[in-house]
$ cat input01.pdb   # PDB, C-alpha atoms
ATOM      1  CA  MET A1445       0.000   0.000   0.000
ATOM      2  CA  ALA A1446       1.402   3.386  -0.983
ATOM      3  CA  GLY A1447       1.348   6.264   1.494
ATOM      4  CA  GLY A1448       1.023   6.177   5.233
ATOM      5  CA  PRO A1449      -2.003   4.999   7.182
ATOM      6  CA  TRP A1450      -2.573   8.278   9.050
ATOM      7  CA  PRO A1451      -5.103   9.972   6.773
ATOM      8  CA  PHE A1452      -7.231   6.820   6.871
ATOM      9  CA  MET A1453      -6.729   6.389  10.624
ATOM     10  CA  ALA A1454      -7.722  10.007  11.343
ATOM     11  CA  ILE A1455     -10.796   9.913   9.112
ATOM     12  CA  SER A1456     -12.007   6.550  10.358
ATOM     13  CA  SER A1457     -11.468   7.566  14.000
ATOM     14  CA  VAL A1458     -13.487  10.757  13.556
ATOM     15  CA  GLU A1459     -16.218   8.847  11.692
ATOM     16  CA  ARG A1460     -16.465   6.149  14.378
ATOM     17  CA  LEU A1461     -16.648   8.797  17.108
ATOM     18  CA  HIS A1462     -19.267  10.644  15.062
ATOM     19  CA  GLN A1463     -21.412   7.502  14.808
ATOM     20  CA  MET A1464     -21.157   6.835  18.562
ATOM     21  CA  LEU A1465     -21.994  10.434  19.452
ATOM     22  CA  LYS A1466     -24.961  10.486  17.053
ATOM     23  CA  LYS A1467     -26.371   7.294  18.560
ATOM     24  CA  ALA A1468     -26.019   8.593  22.133
ATOM     25  CA  LEU A1469     -27.391  12.013  21.187
ATOM     26  CA  ASP A1470     -30.409  10.521  19.422
ATOM     27  CA  THR A1471     -31.133   8.351  22.469
ATOM     28  CA  GLU A1472     -31.181  11.378  24.774
ATOM     29  CA  LEU A1473     -33.029  13.729  22.420
ATOM     30  CA  LYS A1474     -35.813  11.215  21.798
ATOM     31  CA  ARG A1475     -36.895  11.712  25.427
ATOM     32  CA  PHE A1476     -37.446  15.408  24.673
ATOM     33  CA  GLY A1477     -39.192  14.965  21.333
ATOM     34  CA  LEU A1478     -36.299  16.592  19.493
ATOM     35  CA  SER A1479     -34.472  15.582  16.354
ATOM     36  CA  ARG A1480     -30.767  16.284  16.029
ATOM     37  CA  THR A1481     -31.430  19.124  13.595
ATOM     38  CA  GLY A1482     -34.091  20.548  15.906
ATOM     39  CA  TYR A1483     -31.727  20.382  18.847
ATOM     40  CA  PHE A1484     -28.900  22.041  16.898
ATOM     41  CA  LEU A1485     -31.200  24.825  15.715
ATOM     42  CA  LEU A1486     -32.678  25.456  19.180
ATOM     43  CA  THR A1487     -29.259  25.407  20.837
ATOM     44  CA  THR A1488     -27.876  27.823  18.261
ATOM     45  CA  LEU A1489     -30.748  30.229  18.917
ATOM     46  CA  ALA A1490     -30.308  29.845  22.692
ATOM     47  CA  LEU A1491     -26.591  30.646  22.401
ATOM     48  CA  ILE A1492     -27.205  33.777  20.343
ATOM     49  CA  GLY A1493     -27.549  36.644  22.816
ATOM     50  CA  HIS A1494     -30.806  38.011  21.406
ATOM     51  CA  GLY A1495     -32.291  34.557  20.699
ATOM     52  CA  ASN A1496     -33.137  35.129  17.054
ATOM     53  CA  ALA A1497     -31.525  34.754  13.664
ATOM     54  CA  ARG A1498     -32.378  34.825   9.985
ATOM     55  CA  LEU A1499     -33.199  31.531   8.342
ATOM     56  CA  SER A1500     -30.193  32.024   6.054
ATOM     57  CA  THR A1501     -27.878  32.657   9.017
ATOM     58  CA  LEU A1502     -29.031  29.458  10.715
ATOM     59  CA  GLY A1503     -28.374  27.519   7.529
ATOM     60  CA  ARG A1504     -24.855  28.922   7.252
ATOM     61  CA  ILE A1505     -23.971  28.320  10.916
ATOM     62  CA  LEU A1506     -25.418  24.799  10.964
ATOM     63  CA  MET A1507     -24.241  23.921   7.431
ATOM     64  CA  MET A1508     -27.802  22.946   6.510
ATOM     65  CA  HIS A1509     -29.608  23.301   3.229
ATOM     66  CA  PRO A1510     -32.213  26.108   3.303
ATOM     67  CA  THR A1511     -35.021  23.577   2.797
ATOM     68  CA  THR A1512     -33.848  21.580   5.831
ATOM     69  CA  VAL A1513     -33.747  24.748   7.937
ATOM     70  CA  LYS A1514     -37.259  25.701   6.821
ATOM     71  CA  LEU A1515     -38.693  22.232   7.495
ATOM     72  CA  THR A1516     -37.004  22.065  10.902
ATOM     73  CA  VAL A1517     -38.338  25.518  11.812
ATOM     74  CA  ASP A1518     -41.808  24.394  10.668
ATOM     75  CA  GLN A1519     -41.636  21.418  13.064
ATOM     76  CA  LEU A1520     -40.296  23.478  15.970
ATOM     77  CA  GLU A1521     -42.872  26.192  15.354
ATOM     78  CA  ALA A1522     -45.702  23.630  15.370
ATOM     79  CA  ALA A1523     -44.397  22.442  18.747
ATOM     80  CA  GLY A1524     -44.314  26.014  20.096
ATOM     81  CA  LEU A1525     -40.533  26.028  20.486
ATOM     82  CA  VAL A1526     -39.776  28.818  17.985
ATOM     83  CA  GLU A1527     -41.716  31.508  16.219
ATOM     84  CA  ARG A1528     -41.173  33.407  13.001
ATOM     85  CA  ALA A1529     -41.109  37.185  12.785
ATOM     86  CA  ARG A1530     -40.473  39.733  10.074
ATOM     87  CA  HIS A1531     -37.062  41.313  10.142
ATOM     88  CA  PRO A1532     -37.487  44.902  11.399
ATOM     89  CA  ARG A1533     -35.283  46.417   8.662
ATOM     90  CA  ASP A1534     -35.361  43.892   5.812
ATOM     91  CA  ARG A1535     -38.830  42.949   4.542
ATOM     92  CA  ARG A1536     -37.359  40.036   2.572
ATOM     93  CA  ALA A1537     -35.883  38.342   5.646
ATOM     94  CA  THR A1538     -37.586  36.125   8.193
ATOM     95  CA  LEU A1539     -36.276  35.873  11.725
ATOM     96  CA  VAL A1540     -36.627  32.764  13.858
ATOM     97  CA  GLN A1541     -36.996  33.455  17.590
ATOM     98  CA  ILE A1542     -36.695  30.830  20.318
ATOM     99  CA  THR A1543     -39.681  30.823  22.674
ATOM    100  CA  ALA A1544     -39.664  30.366  26.445
ATOM    101  CA  ALA A1545     -40.849  26.780  25.883
ATOM    102  CA  GLY A1546     -37.986  26.273  23.412
ATOM    103  CA  ARG A1547     -35.455  27.501  25.971
ATOM    104  CA  GLU A1548     -36.901  25.194  28.629
ATOM    105  CA  ARG A1549     -36.791  22.195  26.283
ATOM    106  CA  VAL A1550     -33.227  22.798  25.090
ATOM    107  CA  ASN A1551     -32.029  23.507  28.654
ATOM    108  CA  ALA A1552     -33.527  20.219  29.829
ATOM    109  CA  ALA A1553     -31.914  18.386  26.910
ATOM    110  CA  ASN A1554     -28.522  19.974  27.627
ATOM    111  CA  LEU A1555     -28.710  18.912  31.278
ATOM    112  CA  ALA A1556     -29.580  15.367  30.184
ATOM    113  CA  LEU A1557     -26.545  15.329  27.890
ATOM    114  CA  GLU A1558     -24.350  16.013  30.932
ATOM    115  CA  ASP A1559     -26.071  13.404  33.138
ATOM    116  CA  PRO A1560     -23.477  10.918  34.456
ATOM    117  CA  GLU A1561     -26.086   8.152  34.002
ATOM    118  CA  GLY A1562     -27.082   9.225  30.473
ATOM    119  CA  ALA A1563     -26.184   7.960  27.030
ATOM    120  CA  LEU A1564     -23.232  10.360  26.785
ATOM    121  CA  ALA A1565     -21.783   9.198  30.119
ATOM    122  CA  PRO A1566     -18.758   7.530  28.452
ATOM    123  CA  PHE A1567     -17.686  11.014  27.332
ATOM    124  CA  ASP A1568     -18.155  12.599  30.761
ATOM    125  CA  GLY A1569     -15.581  15.277  31.364
ATOM    126  CA  MET A1570     -14.274  15.066  27.782
ATOM    127  CA  HIS A1571     -16.713  17.361  25.962
ATOM    128  CA  ARG A1572     -14.518  20.437  26.168
ATOM    129  CA  ASP A1573     -11.359  18.421  25.475
ATOM    130  CA  LEU A1574     -12.969  16.957  22.336
ATOM    131  CA  PHE A1575     -14.063  20.403  21.157
ATOM    132  CA  GLU A1576     -10.627  21.906  21.741
ATOM    133  CA  ALA A1577      -8.853  18.981  20.055
ATOM    134  CA  LEU A1578     -11.039  19.181  16.934
ATOM    135  CA  GLN A1579     -11.221  22.980  16.664
ATOM    136  CA  PRO A1580      -7.822  23.520  14.964
ATOM    137  CA  ALA A1581      -8.610  20.919  12.290
ATOM    138  CA  ARG A1582     -12.068  22.390  11.668
ATOM    139  CA  LEU A1583     -10.707  25.922  11.374
ATOM    140  CA  ALA A1584      -7.889  24.785   9.073
ATOM    141  CA  ALA A1585     -10.530  23.242   6.820
ATOM    142  CA  GLY A1586     -12.372  26.579   6.636
ATOM    143  CA  ASP A1587     -15.102  26.060   9.236
ATOM    144  CA  LEU A1588     -16.623  28.994  11.102
ATOM    145  CA  GLU A1589     -15.275  29.885  14.493
ATOM    146  CA  LEU A1590     -18.252  29.760  16.831
TER     147      LEU A1590
END

$ encode --input "input01.pdb" --output "structure tokens"
Amino acid sequence: MAGGPWPFMAISSVERLHQMLKKALDTELKRFGLSRTGYFLLTTLALIGHGNARLSTLGRILMMHPTTVKLTVDQLEAAGLVERARHPRDRRATLVQITAAGRERVNAANLALEDPEGALAPFDGMHRDLFEALQPARLAAGDLEL
């Protein structure tokens, strides 16, 4: 075999970790009636100081297709977790605002993700370390700094 094994080893390690994290995340989020995309969108809105963002901004931050963002917002809006509003200065833009119920739901989900008895328990105490270890590679590949 030509070349070293390290590109393969790095990619397969990240992919295996990704699969394990997705499985654990889906297990926890199911209890809260949230999909992964719904959780990511709600958490993004909760982390934004003013709690709202344009649909296009959410798509860019979450690396989601505009149709996926719209469908996810439709589902969250039907559940009372977000609401749409007109942008105050741009009539073409729609803002998505997290509701009080959305904040409660995402806060409860975040606490469950840190539960030492939960599905993410094997990663207890490593969340920040994982983020900090992966951040340089993400940024080098052109990802947004969040």

$ residues_around --input "input01.pdb" --residues "A:Val1513" --least-positions-apart "6" --cutoff "8 Å" --atoms "all atoms listed in the file" --output "VMD selection string"
chain A and resid 1499 1502 to 1503

$ residues_around --input "input01.pdb" --residues "A:Arg1480" --least-positions-apart "2" --cutoff "9 Å" --atoms "all atoms listed in the file" --output "list of chain:residue names"
A:Lys1466, A:Leu1469, A:Asp1470, A:Leu1473, A:Leu1478, A:Gly1482, A:Tyr1483, A:Phe1484, A:Leu1485

$ axis_aligned_box --input "input01.pdb" --around "stretch 1555-1561 of chain A" --padding-each-side "6 Å" --output "JSON"
{"center_x": -26.5, "center_y": 13.5, "center_z": 31.2, "size_x": 18.1, "size_y": 22.8, "size_z": 18.6}

$ residues_around --input "input01.pdb" --residues "stretch 1463-1465 of chain A" --least-positions-apart "4" --cutoff "12 Å" --atoms "only C-alpha atoms" --output "NGL selection string"
:A and (1456-1459 or 1469-1473 or 1480 or 1557 or 1563-1567 or 1571 or 1574)

$ atom_distance --input "input01.pdb" --atom1 "atom CA of A:Gln1541" --atom2 "atom CA of A:Gly1495"
5.7 Å

$ atom_distance --input "input01.pdb" --atom1 "atom CA of A:Asn1551" --atom2 "atom CA of A:Lys1467"
19.9 Å

$ atom_distance --input "input01.pdb" --atom1 "atom CA of A:Pro1451" --atom2 "atom CA of A:Ala1585"
14.3 Å

$ resolve_selection --input "input01.pdb" --expression "the PyMOL selection byres ((chain A and resi 1516-1526) around 8)" --output "number ranges by chain"
A: 1481-1482, 1486, 1512-1515, 1527-1528, 1540-1547, 1549

$ write_last_selection --input "input01.pdb" --atoms "C-alpha atoms" --output "PDB file, keeping the file's coordinate frame"
ATOM      1  CA  THR A1481     -31.430  19.124  13.595  1.00  0.00           C
ATOM      2  CA  GLY A1482     -34.091  20.548  15.906  1.00  0.00           C
ATOM      3  CA  LEU A1486     -32.678  25.456  19.180  1.00  0.00           C
ATOM      4  CA  THR A1512     -33.848  21.580   5.831  1.00  0.00           C
ATOM      5  CA  VAL A1513     -33.747  24.748   7.937  1.00  0.00           C
ATOM      6  CA  LYS A1514     -37.259  25.701   6.821  1.00  0.00           C
ATOM      7  CA  LEU A1515     -38.693  22.232   7.495  1.00  0.00           C
ATOM      8  CA  GLU A1527     -41.716  31.508  16.219  1.00  0.00           C
ATOM      9  CA  ARG A1528     -41.173  33.407  13.001  1.00  0.00           C
ATOM     10  CA  VAL A1540     -36.627  32.764  13.858  1.00  0.00           C
ATOM     11  CA  GLN A1541     -36.996  33.455  17.590  1.00  0.00           C
ATOM     12  CA  ILE A1542     -36.695  30.830  20.318  1.00  0.00           C
ATOM     13  CA  THR A1543     -39.681  30.823  22.674  1.00  0.00           C
ATOM     14  CA  ALA A1544     -39.664  30.366  26.445  1.00  0.00           C
ATOM     15  CA  ALA A1545     -40.849  26.780  25.883  1.00  0.00           C
ATOM     16  CA  GLY A1546     -37.986  26.273  23.412  1.00  0.00           C
ATOM     17  CA  ARG A1547     -35.455  27.501  25.971  1.00  0.00           C
ATOM     18  CA  ARG A1549     -36.791  22.195  26.283  1.00  0.00           C
TER      19      ARG A1549
END
